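What follows is entry16.csv (CSV, C-alpha atoms).
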chain,number,residue,atom,x,y,z
D,99,GLY,CA,37.3,0.3,-6.7
D,100,GLY,CA,35.2,0.2,-3.8
D,101,LEU,CA,34.3,3.1,-1.5
D,102,PRO,CA,37.0,5.2,0.2
D,103,PRO,CA,37.4,4.9,4.0
D,104,PHE,CA,34.8,6.9,5.9
D,105,GLU,CA,33.8,7.7,9.4
D,106,ARG,CA,30.4,6.5,10.6
D,107,THR,CA,28.5,9.5,12.1
D,108,ARG,CA,25.2,7.8,13.1
D,109,PRO,CA,24.2,4.3,14.2
D,110,ILE,CA,22.2,2.0,12.0
D,111,ILE,CA,19.5,0.0,13.7
D,112,PHE,CA,18.4,-3.4,12.3
D,113,ALA,CA,14.9,-4.2,13.5
D,114,LEU,CA,13.6,-7.7,12.8
D,115,GLY,CA,10.0,-8.6,13.7
D,116,HIS,CA,8.4,-12.0,13.7
D,117,ASP,CA,4.7,-11.2,12.9
D,118,GLU,CA,4.7,-9.1,9.8
D,119,GLU,CA,1.9,-11.0,8.1
D,120,VAL,CA,-0.5,-10.5,11.0
D,121,GLY,CA,0.0,-6.8,11.8
D,122,GLY,CA,3.4,-6.6,13.6
D,123,THR,CA,1.8,-5.7,17.0
D,124,SER,CA,4.0,-8.1,18.9
D,125,GLY,CA,7.1,-7.4,16.9
D,126,HIS,CA,7.8,-4.0,15.5
D,127,LYS,CA,5.3,-2.2,17.6
D,128,LYS,CA,7.1,-3.4,20.7
D,129,ILE,CA,10.5,-2.6,19.1
D,130,VAL,CA,9.4,1.0,18.7
D,131,GLN,CA,8.3,1.1,22.4
D,132,HIS,CA,11.7,-0.3,23.4
D,133,LEU,CA,13.5,2.3,21.3
D,134,LYS,CA,11.7,5.1,23.1
D,135,THR,CA,12.6,3.6,26.5
D,136,GLN,CA,16.2,3.8,25.4
D,137,GLY,CA,15.8,7.5,24.6
D,138,ILE,CA,15.4,7.2,20.9
D,139,HIS,CA,12.5,9.4,19.9
D,140,GLU,CA,13.5,10.2,16.3
D,141,LEU,CA,15.0,8.4,13.4
D,142,GLU,CA,16.6,10.0,10.3
D,143,PHE,CA,14.6,7.6,8.1
D,144,VAL,CA,13.3,4.1,7.9
D,145,HIS,CA,13.8,1.6,5.1
D,146,ASP,CA,11.4,-1.3,4.8
D,147,GLU,CA,10.4,-3.8,2.2
D,148,GLY,CA,8.0,-2.5,-0.4
D,149,LEU,CA,7.9,-1.8,-4.1
D,150,PRO,CA,10.3,-3.5,-6.6
D,151,VAL,CA,12.2,-2.5,-9.7
D,152,LEU,CA,9.9,-3.2,-12.6
D,153,ASN,CA,11.6,-4.7,-15.6
D,154,LYS,CA,10.8,-2.8,-18.8
D,155,GLY,CA,7.5,-3.9,-20.1
D,156,ALA,CA,6.3,-5.2,-16.7
D,157,THR,CA,3.4,-2.6,-16.7
D,158,ALA,CA,1.9,-0.1,-19.0
D,159,MET,CA,3.7,2.6,-17.1
D,160,ASN,CA,7.2,1.4,-18.2
D,161,PRO,CA,6.9,-0.1,-21.7
D,162,ASN,CA,10.6,0.5,-22.6
D,163,PHE,CA,12.5,1.3,-19.5
D,164,ASP,CA,13.2,-0.1,-16.0
D,165,LEU,CA,11.3,1.6,-13.3
D,166,ALA,CA,12.4,1.6,-9.7
D,167,LEU,CA,9.5,2.4,-7.3
D,168,VAL,CA,10.0,3.6,-3.7
D,169,GLY,CA,6.9,3.4,-1.6
D,170,LEU,CA,6.2,6.8,0.0
D,171,ALA,CA,2.9,5.7,1.7
D,172,GLU,CA,0.9,2.6,2.3
D,173,LYS,CA,-2.7,1.9,2.4
D,174,GLY,CA,-4.6,1.4,5.6
D,175,PHE,CA,-6.3,-1.8,6.8
D,176,LEU,CA,-9.8,-2.4,8.0
D,177,SER,CA,-11.8,-5.6,8.1
D,178,VAL,CA,-15.6,-5.1,8.6
D,179,ARG,CA,-17.9,-7.9,9.7
D,180,ILE,CA,-21.5,-7.8,8.5
D,181,GLU,CA,-24.0,-10.1,10.3
D,182,CYS,CA,-27.6,-10.5,9.3
D,183,ASN,CA,-30.4,-12.2,11.3
D,184,SER,CA,-33.8,-13.5,10.3
D,185,THR,CA,-36.4,-15.9,11.4
D,186,GLY,CA,-35.5,-19.5,11.0
D,187,GLY,CA,-37.8,-22.3,10.0
D,188,HIS,CA,-38.5,-24.7,7.1
D,189,GLY,CA,-37.1,-24.0,3.7
D,190,SER,CA,-40.5,-24.5,2.2
D,191,GLN,CA,-41.8,-21.2,3.8
D,192,PRO,CA,-39.1,-18.5,3.1
D,193,PRO,CA,-39.9,-15.0,4.5
D,194,SER,CA,-40.9,-12.3,2.0
D,195,GLU,CA,-37.8,-10.1,2.8
D,196,GLY,CA,-35.5,-13.1,2.0
D,197,THR,CA,-33.3,-15.2,4.3
D,198,ALA,CA,-30.4,-13.9,6.4
D,199,ILE,CA,-28.2,-15.0,3.5
D,200,SER,CA,-30.3,-13.0,1.0
D,201,LEU,CA,-30.0,-9.9,3.2
D,202,LEU,CA,-26.3,-10.4,3.6
D,203,SER,CA,-25.9,-10.8,-0.2
D,204,ALA,CA,-27.7,-7.5,-0.8
D,205,GLY,CA,-25.4,-5.7,1.6
D,206,LEU,CA,-22.3,-7.1,0.1
D,207,HIS,CA,-23.5,-6.3,-3.4
D,208,ALA,CA,-24.2,-2.7,-2.4
D,209,ILE,CA,-20.7,-2.2,-1.0
D,210,GLN,CA,-19.0,-3.7,-4.1
D,211,GLN,CA,-21.1,-1.7,-6.5
D,212,ASN,CA,-20.7,1.7,-4.7
D,213,LEU,CA,-17.0,2.1,-4.3
D,214,PRO,CA,-15.5,5.5,-3.6
D,215,VAL,CA,-14.9,8.0,-6.4
D,216,PRO,CA,-11.4,7.3,-7.8
D,217,ARG,CA,-8.6,9.9,-7.3
D,218,LEU,CA,-4.9,10.2,-7.6
D,219,PRO,CA,-3.1,10.2,-4.2
D,220,ALA,CA,0.1,12.1,-3.9
D,221,PRO,CA,2.5,9.1,-4.5
D,222,LEU,CA,0.6,8.1,-7.6
D,223,ARG,CA,0.7,11.7,-8.9
D,224,GLU,CA,4.5,11.7,-8.4
D,225,MET,CA,4.9,8.5,-10.3
D,226,ILE,CA,2.9,9.7,-13.2
D,227,GLN,CA,4.8,13.1,-13.4
D,228,THR,CA,8.2,11.5,-12.9
D,229,THR,CA,7.6,9.1,-15.9
D,230,ALA,CA,5.9,11.8,-18.1
D,231,HIS,CA,9.1,12.3,-20.1
D,232,THR,CA,9.0,8.7,-21.3
D,233,MET,CA,5.4,9.0,-22.6
D,234,PRO,CA,4.1,9.7,-26.1
D,235,PRO,CA,3.4,13.5,-26.5
D,236,LEU,CA,-0.4,13.4,-25.8
D,237,LYS,CA,0.0,11.2,-22.7
D,238,ALA,CA,2.9,13.4,-21.5
D,239,PHE,CA,0.7,16.5,-22.0
D,240,VAL,CA,-1.9,14.9,-19.7
D,241,ALA,CA,0.6,13.6,-17.1
D,242,ARG,CA,2.1,17.1,-16.7
D,243,ARG,CA,-1.3,18.7,-16.1
D,244,LEU,CA,-2.9,16.5,-13.4
D,245,ASP,CA,-4.6,19.5,-11.8
D,246,TYR,CA,-6.8,19.5,-14.9
D,247,PHE,CA,-6.8,15.9,-16.1
D,248,GLY,CA,-6.3,14.1,-12.8
D,249,PRO,CA,-10.0,13.1,-12.3
D,250,ILE,CA,-10.2,11.7,-15.8
D,251,LEU,CA,-7.0,9.8,-15.5
D,252,ALA,CA,-8.0,8.4,-12.1
D,253,SER,CA,-11.3,7.1,-13.6
D,254,SER,CA,-9.4,5.5,-16.5
D,255,LEU,CA,-7.0,3.7,-14.1
D,256,ALA,CA,-9.9,2.7,-11.9
D,257,ALA,CA,-11.6,1.0,-14.8
D,258,ARG,CA,-8.7,-1.4,-15.1
D,259,ASP,CA,-8.4,-4.5,-12.9
D,260,GLY,CA,-5.8,-5.2,-10.3
D,261,ARG,CA,-2.9,-3.0,-9.2
D,262,ALA,CA,-3.8,0.1,-11.2
D,263,ALA,CA,-7.4,0.3,-9.9
D,264,ALA,CA,-6.3,-0.4,-6.3
D,265,SER,CA,-4.0,2.7,-6.4
D,266,THR,CA,-7.0,5.0,-7.0
D,267,ARG,CA,-9.4,4.2,-4.3
D,268,THR,CA,-10.1,2.4,-1.0
D,269,THR,CA,-10.9,-1.1,-2.1
D,270,ALA,CA,-13.5,-3.6,-0.8
D,271,ALA,CA,-13.0,-7.4,-1.0
D,272,ALA,CA,-15.4,-9.9,0.6
D,273,THR,CA,-12.9,-12.4,2.0
D,274,MET,CA,-14.9,-14.6,4.5
D,275,VAL,CA,-18.5,-15.8,4.6
D,276,GLY,CA,-20.6,-18.2,6.6
D,277,GLY,CA,-24.3,-19.0,7.3
D,278,GLY,CA,-26.8,-21.9,7.3
D,279,PHE,CA,-26.5,-25.4,8.6
D,280,LEU,CA,-28.9,-27.5,6.5
D,281,ASP,CA,-30.1,-27.3,2.9
D,282,ALA,CA,-33.7,-27.6,4.0
D,283,ALA,CA,-33.6,-25.1,6.9
D,284,LEU,CA,-33.8,-21.3,6.9
D,285,PRO,CA,-30.7,-19.8,8.4
D,286,GLU,CA,-31.2,-17.7,11.4
D,287,SER,CA,-28.0,-15.8,10.7
D,288,ALA,CA,-25.3,-15.2,8.1
D,289,TRP,CA,-22.1,-13.3,8.2
D,290,ALA,CA,-19.3,-12.0,6.0
D,291,VAL,CA,-16.0,-10.1,6.4
D,292,VAL,CA,-15.1,-7.3,3.9
D,293,ASN,CA,-11.5,-6.3,3.8
D,294,HIS,CA,-10.8,-2.7,3.0
D,295,ARG,CA,-7.4,-1.2,2.1
D,296,LEU,CA,-7.7,2.5,2.7
D,297,LEU,CA,-6.3,5.1,0.3
D,298,PRO,CA,-4.3,7.9,2.0
D,299,GLY,CA,-6.9,10.6,2.8
D,300,ASP,CA,-9.6,8.1,3.7
D,301,THR,CA,-10.1,7.2,7.4
D,302,VAL,CA,-11.3,4.1,9.2
D,303,ASP,CA,-14.4,6.0,10.6
D,304,GLN,CA,-15.3,7.2,7.1
D,305,VAL,CA,-15.1,3.7,5.6
D,306,LEU,CA,-17.0,2.1,8.4
D,307,SER,CA,-19.8,4.7,8.3
D,308,ARG,CA,-20.0,4.3,4.5
D,309,ASP,CA,-20.4,0.5,4.8
D,310,ARG,CA,-23.2,0.9,7.4
D,311,HIS,CA,-25.0,3.4,5.2
D,312,LEU,CA,-24.8,1.2,2.1
D,313,VAL,CA,-25.9,-2.0,3.8
D,314,ARG,CA,-28.9,-0.1,5.4
D,315,LEU,CA,-29.9,1.3,2.0
D,316,ALA,CA,-29.7,-2.2,0.4
D,317,LEU,CA,-32.3,-3.7,2.8
D,318,PRO,CA,-36.1,-3.4,2.7
D,319,GLN,CA,-37.1,-0.4,4.7
D,320,LYS,CA,-38.8,-2.3,7.5
D,321,HIS,CA,-36.0,-4.7,7.8
D,322,GLN,CA,-33.0,-2.3,7.9
D,323,ASP,CA,-32.2,-3.2,11.5
D,324,MET,CA,-31.7,-6.9,10.7
D,325,CYS,CA,-28.0,-6.5,9.8
D,326,ARG,CA,-25.2,-5.3,12.0
D,327,VAL,CA,-22.0,-3.8,10.6
D,328,GLY,CA,-18.9,-3.3,12.7
D,329,VAL,CA,-15.1,-3.8,12.9
D,330,ASN,CA,-14.2,-7.5,12.7
D,331,GLU,CA,-13.2,-8.7,16.1
D,332,GLY,CA,-9.6,-9.8,16.4
D,333,SER,CA,-8.5,-8.1,13.2
D,334,HIS,CA,-6.0,-5.3,13.4
D,335,VAL,CA,-7.1,-1.8,12.3
D,336,GLN,CA,-4.7,0.7,10.7
D,337,GLU,CA,-5.2,4.1,9.2
D,338,ALA,CA,-3.5,4.9,5.9
D,339,SER,CA,0.0,6.2,6.4
D,340,ALA,CA,1.3,9.8,5.9
D,341,VAL,CA,3.1,10.5,2.7
D,342,SER,CA,6.9,10.5,3.0
D,343,ASP,CA,9.1,13.2,1.6
D,344,SER,CA,10.9,12.3,-1.7
D,345,ASN,CA,13.2,15.3,-1.2
D,346,HIS,CA,14.6,14.0,2.1
D,347,LEU,CA,18.1,12.6,2.3
D,348,GLY,CA,16.7,9.2,3.1
D,349,PHE,CA,15.1,9.0,-0.4
D,350,ALA,CA,18.4,10.2,-1.8
D,351,VAL,CA,20.3,7.3,-0.2
D,352,ILE,CA,17.9,4.9,-1.8
D,353,ALA,CA,18.1,6.6,-5.2
D,354,GLY,CA,21.9,6.5,-5.0
D,355,ALA,CA,21.8,2.8,-4.1
D,356,LEU,CA,19.5,2.1,-7.0
D,357,ARG,CA,21.8,3.8,-9.5
D,358,ALA,CA,24.8,1.9,-8.0
D,359,ALA,CA,23.0,-1.5,-8.3
D,360,PHE,CA,20.9,-1.1,-11.4
D,361,GLY,CA,22.7,1.6,-13.5
D,362,ASP,CA,22.0,5.1,-14.6
D,363,ALA,CA,19.3,4.2,-17.1
D,364,VAL,CA,16.8,3.2,-14.4
D,365,VAL,CA,14.0,5.7,-13.7
D,366,ILE,CA,13.4,6.2,-10.0
D,367,SER,CA,10.1,7.4,-8.6
D,368,GLY,CA,8.0,7.5,-5.5
D,369,GLY,CA,4.9,5.3,-5.5
D,370,LEU,CA,2.0,4.0,-3.4
D,371,PHE,CA,2.4,0.7,-1.6
D,372,ILE,CA,-1.0,-0.9,-1.8
D,373,ALA,CA,-0.2,-3.8,0.7
D,374,ALA,CA,0.8,-3.5,4.4
D,375,SER,CA,4.2,-3.4,6.0
D,376,ASP,CA,5.6,-3.2,9.5
D,377,SER,CA,7.2,0.2,9.0
D,378,LYS,CA,3.8,1.8,9.8
D,379,HIS,CA,4.7,1.3,13.5
D,380,TYR,CA,7.6,3.7,13.1
D,381,SER,CA,5.4,6.7,12.2
D,382,SER,CA,6.0,8.4,15.5
D,383,LEU,CA,9.8,8.2,15.0
D,384,ALA,CA,10.0,9.2,11.4
D,385,PRO,CA,6.5,10.6,10.3
D,386,THR,CA,7.3,11.5,6.7
D,387,ARG,CA,10.6,9.7,6.3
D,388,ILE,CA,9.6,6.0,5.8
D,389,TYR,CA,10.5,4.4,2.5
D,390,LYS,CA,9.5,1.0,1.2
D,391,HIS,CA,11.6,-0.6,-1.5
D,392,PHE,CA,12.4,-4.2,-2.5
D,393,PRO,CA,15.6,-4.1,-4.6
D,394,PHE,CA,14.8,-7.0,-7.0
D,395,LYS,CA,13.9,-6.6,-10.6
D,396,TRP,CA,10.6,-8.2,-11.5
D,397,SER,CA,8.7,-8.9,-14.7
D,398,GLY,CA,5.0,-8.8,-15.1
D,399,ALA,CA,4.9,-12.5,-14.7
D,400,ASP,CA,6.9,-12.3,-11.4
D,401,LEU,CA,4.4,-9.7,-10.1
D,402,ASP,CA,1.6,-12.2,-10.5
D,403,THR,CA,3.3,-14.7,-8.2
D,404,ILE,CA,3.2,-12.4,-5.1
D,405,HIS,CA,1.7,-14.5,-2.3
D,406,GLY,CA,0.8,-17.1,-4.9
D,407,THR,CA,2.2,-20.2,-6.6
D,408,ASP,CA,6.0,-20.2,-7.3
D,409,GLU,CA,6.7,-16.8,-5.7
D,410,ARG,CA,10.4,-16.2,-6.3
D,411,VAL,CA,13.4,-14.1,-6.9
D,412,SER,CA,16.2,-15.1,-9.2
D,413,ILE,CA,19.6,-16.1,-7.9
D,414,ALA,CA,21.3,-13.5,-10.1
D,415,SER,CA,19.2,-10.8,-8.4
D,416,LEU,CA,20.6,-11.6,-5.0
D,417,GLY,CA,24.0,-10.2,-5.9
D,418,VAL,CA,22.4,-7.0,-7.2
D,419,ALA,CA,20.4,-6.6,-4.1
D,420,SER,CA,23.6,-7.1,-2.0
D,421,ARG,CA,25.3,-4.2,-3.8
D,422,TYR,CA,22.2,-2.1,-3.2
D,423,PHE,CA,22.1,-2.7,0.6
D,424,ALA,CA,25.9,-2.3,0.8
D,425,TYR,CA,25.5,1.2,-0.6
D,426,VAL,CA,22.6,2.0,1.7
D,427,LEU,CA,24.5,1.0,4.8
D,428,VAL,CA,27.5,3.1,3.9
D,429,ALA,CA,25.7,6.1,2.6
D,430,ALA,CA,23.2,6.2,5.5
D,431,ALA,CA,26.1,6.5,7.9
D,432,LEU,CA,27.9,9.5,6.2
D,433,PRO,CA,27.7,13.0,7.5
D,434,ALA,CA,24.7,14.9,6.1
D,435,ALA,CA,26.8,17.2,3.9
D,436,SER,CA,28.7,14.4,2.3
D,437,LEU,CA,25.5,12.4,1.8
D,438,HIS,CA,23.8,15.4,0.1
D,439,GLU,CA,26.8,15.9,-2.2
D,440,MET,CA,27.0,12.2,-3.1
D,441,ALA,CA,23.4,11.2,-3.4
D,442,MET,CA,21.1,14.0,-4.4
D,443,PRO,CA,22.3,14.4,-8.0
D,444,LEU,CA,21.6,10.7,-8.6
D,445,TYR,CA,17.8,11.0,-8.4
D,446,ASN,CA,16.7,11.2,-12.1
D,447,PRO,CA,19.3,13.8,-13.1
D,448,GLY,CA,18.1,16.2,-15.7
D,449,ILE,CA,14.4,15.4,-15.3
D,450,ALA,CA,12.3,18.4,-14.3
D,451,LEU,CA,9.1,17.5,-12.6

Using structure tokens, write down the structure from this file.
Amino acid sequence: GGLPPFERTRPIIFALGHDEEVGGTSGHKKIVQHLKTQGIHELEFVHDEGLPVLNKGATAMNPNFDLALVGLAEKGFLSVRIECNSTGGHGSQPPSEGTAISLLSAGLHAIQQNLPVPRLPAPLREMIQTTAHTMPPLKAFVARRLDYFGPILASSLAARDGRAAASTRTTAAATMVGGGFLDAALPESAWAVVNHRLLPGDTVDQVLSRDRHLVRLALPQKHQDMCRVGVNEGSHVQEASAVSDSNHLGFAVIAGALRAAFGDAVVISGGLFIAASDSKHYSSLAPTRIYKHFPFKWSGADLDTIHGTDERVSIASLGVASRYFAYVLVAAALPAASLHEMAMPLYNPGIAL
């Protein structure tokens, strides 16, 4: 086979940044600025790295089928610095309110123990409803009635550890800490950084205000001004993204490519990308048409290697990924009418949401 000859009707732009792991402010942010100077103020859609194809059994969500997830939104990013000060002196005479480290610990504990109420953001709701037809009858009944059972299901997911819980709320992780200089001396200051990943619907201002409130409540009343809470200097700050449209032709291109590469049995769904990508910088060019997918099939064990020991993709999967991107490049350049006819029926045919 192969594809028949076709006429390219729109350009495809390859945008390659160099600072993805540190926010993309010197890479893709400037690429977007350059595109605008060239008169490009709108893109049909944006395709970036993101969620993978989950091998059957990789998660509780896909026990007996392959699940291809396309990120429709990504969480925001905020690092908050908490700095507490107290009187220094000799370790044999600690203050009644505790040391700077004690005050800092109380504030960190308050943030960790008072996380936001869990909820189901739109991409997670879509994933649950799309996979409802694969579930046992009782779970399918719940999945199709999220207006009623959504809060209960969100609480159940939040009680789990790891990825499932992170999809239901803005997270808080203490990632850096410092304070003290001698085991026998009282520290005059102590500090920590809490990294938040913001769920769509939560804002940077809301999360920062919440941290300030919780830290203040955690301290003895007459010492509530001994800790300062603010944005960590030098860290990038990013609101959670808008939710992209899974009924747009851009999603259809990706769905068609997934079927071409992984076969008709794969279930395709939108999902929430809980990490960060550079595609956020393109929001002014394609506000609800940014899709994040990584066309490699991963097992549960593979997922555990992300940014860890032995992170990998198999050699065999490179050929499959090549077929996927070949389809994307051809389909994305077709006229809209041809693209609609070719790709739209390929998104979970016969499944009514």

Quick one: distance from CA of Lys395 (chain D) to CA of Gly155 (chain D) in Å, one decimal?
11.8 Å

Show which residues sit within 9 Å of region 238-249 of chain D, as a PDB file with C-alpha atoms, in the coordinates of the input. Count all atoms listed in the file, and ignore same-chain residues fewer than 2 positions away.
ATOM      1  CA  PRO D 216     -11.400   7.300  -7.800  1.00  0.00           C
ATOM      2  CA  ARG D 217      -8.600   9.900  -7.300  1.00  0.00           C
ATOM      3  CA  LEU D 218      -4.900  10.200  -7.600  1.00  0.00           C
ATOM      4  CA  ARG D 223       0.700  11.700  -8.900  1.00  0.00           C
ATOM      5  CA  ILE D 226       2.900   9.700 -13.200  1.00  0.00           C
ATOM      6  CA  GLN D 227       4.800  13.100 -13.400  1.00  0.00           C
ATOM      7  CA  THR D 228       8.200  11.500 -12.900  1.00  0.00           C
ATOM      8  CA  THR D 229       7.600   9.100 -15.900  1.00  0.00           C
ATOM      9  CA  ALA D 230       5.900  11.800 -18.100  1.00  0.00           C
ATOM     10  CA  HIS D 231       9.100  12.300 -20.100  1.00  0.00           C
ATOM     11  CA  THR D 232       9.000   8.700 -21.300  1.00  0.00           C
ATOM     12  CA  MET D 233       5.400   9.000 -22.600  1.00  0.00           C
ATOM     13  CA  PRO D 234       4.100   9.700 -26.100  1.00  0.00           C
ATOM     14  CA  PRO D 235       3.400  13.500 -26.500  1.00  0.00           C
ATOM     15  CA  LEU D 236      -0.400  13.400 -25.800  1.00  0.00           C
ATOM     16  CA  LEU D 251      -7.000   9.800 -15.500  1.00  0.00           C
ATOM     17  CA  ALA D 252      -8.000   8.400 -12.100  1.00  0.00           C
ATOM     18  CA  SER D 253     -11.300   7.100 -13.600  1.00  0.00           C
ATOM     19  CA  SER D 254      -9.400   5.500 -16.500  1.00  0.00           C
ATOM     20  CA  LEU D 451       9.100  17.500 -12.600  1.00  0.00           C
TER      21      LEU D 451
END

Write out as a ChimeraX atom specification the residues lying within 9 Å of Glu331 (chain D), counting all atoms listed in the file and excluding same-chain residues fewer than 4 positions away.
/D:177-179

Contact check, region 306-409 of chain D to region 110-131 of chain D, at most 7 Å, counting all atoms listed in the file, closest pairs as a Markdown table:
| residue | atom | partner | partner_atom | distance |
| --- | --- | --- | --- | --- |
| D:His334 | CA | D:Gly121 | CA | 6.4 |
| D:Ser375 | CA | D:Glu118 | CA | 6.9 |
| D:Asp376 | CA | D:Gly122 | CA | 5.8 |
| D:His379 | CA | D:Lys127 | CA | 5.4 |
| D:Tyr380 | CA | D:Val130 | CA | 6.5 |

At a cut-off of 9 Å, using all atoms listed in the file, what residues contact Asp146 (chain D)? Leave out same-chain residues fewer than 5 positions from it and give the result as a VMD selection string.
chain D and resid 375 to 377 388 to 392

I need the residues from that last selection saved to file as a PDB file, keeping the file's coordinate frame (with C-alpha atoms), if you can.
ATOM      1  CA  SER D 375       4.200  -3.400   6.000  1.00  0.00           C
ATOM      2  CA  ASP D 376       5.600  -3.200   9.500  1.00  0.00           C
ATOM      3  CA  SER D 377       7.200   0.200   9.000  1.00  0.00           C
ATOM      4  CA  ILE D 388       9.600   6.000   5.800  1.00  0.00           C
ATOM      5  CA  TYR D 389      10.500   4.400   2.500  1.00  0.00           C
ATOM      6  CA  LYS D 390       9.500   1.000   1.200  1.00  0.00           C
ATOM      7  CA  HIS D 391      11.600  -0.600  -1.500  1.00  0.00           C
ATOM      8  CA  PHE D 392      12.400  -4.200  -2.500  1.00  0.00           C
TER       9      PHE D 392
END

I'd like the interatomic distance between CA of His346 (chain D) and CA of Ala430 (chain D), to a tenth of an Å.
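Between CA of His346 (chain D) and CA of Ala430 (chain D) the gap works out to 12.1 Å.
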
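The environment of His294 (chain D) within 8 Å, counting all atoms listed in the file and disregarding residues fewer than 5 places along the same chain, consists of Gly174, Phe175, Leu176, Ser177, Val178, Thr268, Thr269, Ala270 and Ala271 of chain D.
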
Min atom-atom distance to Arg308 (chain D) from the set D:Leu356, D:Leu213, D:Val144, D:Val426, counting only C-alpha atoms, belongs to D:Leu213

May I ask you to restore all heavy atoms in region 350-356 of chain D and write the result as a PDB file, keeping the file's coordinate frame?
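The new file selection00.pdb reads:
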ATOM      1  N   ALA D 350      17.208  10.102  -1.034  1.00  0.00           N
ATOM      2  CA  ALA D 350      18.400  10.200  -1.800  1.00  0.00           C
ATOM      3  C   ALA D 350      19.359   9.057  -1.642  1.00  0.00           C
ATOM      4  O   ALA D 350      20.024   8.605  -2.578  1.00  0.00           O
ATOM      5  CB  ALA D 350      19.136  11.544  -1.480  1.00  0.00           C
ATOM      6  N   VAL D 351      19.447   8.546  -0.423  1.00  0.00           N
ATOM      7  CA  VAL D 351      20.300   7.300  -0.200  1.00  0.00           C
ATOM      8  C   VAL D 351      19.770   6.192  -1.021  1.00  0.00           C
ATOM      9  O   VAL D 351      20.545   5.481  -1.675  1.00  0.00           O
ATOM     10  CB  VAL D 351      20.212   6.977   1.330  1.00  0.00           C
ATOM     11  CG1 VAL D 351      20.796   5.581   1.551  1.00  0.00           C
ATOM     12  CG2 VAL D 351      20.970   7.995   2.153  1.00  0.00           C
ATOM     13  N   ILE D 352      18.460   5.982  -1.025  1.00  0.00           N
ATOM     14  CA  ILE D 352      17.900   4.900  -1.800  1.00  0.00           C
ATOM     15  C   ILE D 352      18.081   5.097  -3.284  1.00  0.00           C
ATOM     16  O   ILE D 352      18.414   4.154  -4.017  1.00  0.00           O
ATOM     17  CB  ILE D 352      16.383   4.751  -1.435  1.00  0.00           C
ATOM     18  CG1 ILE D 352      16.243   4.314   0.024  1.00  0.00           C
ATOM     19  CG2 ILE D 352      15.681   3.765  -2.365  1.00  0.00           C
ATOM     20  CD1 ILE D 352      14.829   4.350   0.546  1.00  0.00           C
ATOM     21  N   ALA D 353      17.904   6.330  -3.741  1.00  0.00           N
ATOM     22  CA  ALA D 353      18.100   6.600  -5.200  1.00  0.00           C
ATOM     23  C   ALA D 353      19.561   6.341  -5.570  1.00  0.00           C
ATOM     24  O   ALA D 353      19.831   5.764  -6.630  1.00  0.00           O
ATOM     25  CB  ALA D 353      17.752   8.078  -5.460  1.00  0.00           C
ATOM     26  N   GLY D 354      20.507   6.757  -4.718  1.00  0.00           N
ATOM     27  CA  GLY D 354      21.900   6.500  -5.000  1.00  0.00           C
ATOM     28  C   GLY D 354      22.210   5.004  -5.059  1.00  0.00           C
ATOM     29  O   GLY D 354      22.948   4.512  -5.918  1.00  0.00           O
ATOM     30  N   ALA D 355      21.618   4.262  -4.129  1.00  0.00           N
ATOM     31  CA  ALA D 355      21.800   2.800  -4.100  1.00  0.00           C
ATOM     32  C   ALA D 355      21.237   2.150  -5.343  1.00  0.00           C
ATOM     33  O   ALA D 355      21.817   1.205  -5.897  1.00  0.00           O
ATOM     34  CB  ALA D 355      21.191   2.227  -2.838  1.00  0.00           C
ATOM     35  N   LEU D 356      20.089   2.641  -5.795  1.00  0.00           N
ATOM     36  CA  LEU D 356      19.500   2.100  -7.000  1.00  0.00           C
ATOM     37  C   LEU D 356      20.350   2.318  -8.220  1.00  0.00           C
ATOM     38  O   LEU D 356      20.507   1.435  -9.071  1.00  0.00           O
ATOM     39  CB  LEU D 356      18.096   2.702  -7.207  1.00  0.00           C
ATOM     40  CG  LEU D 356      17.005   2.170  -6.266  1.00  0.00           C
ATOM     41  CD1 LEU D 356      15.774   3.061  -6.292  1.00  0.00           C
ATOM     42  CD2 LEU D 356      16.634   0.745  -6.649  1.00  0.00           C
TER      43      LEU D 356
END
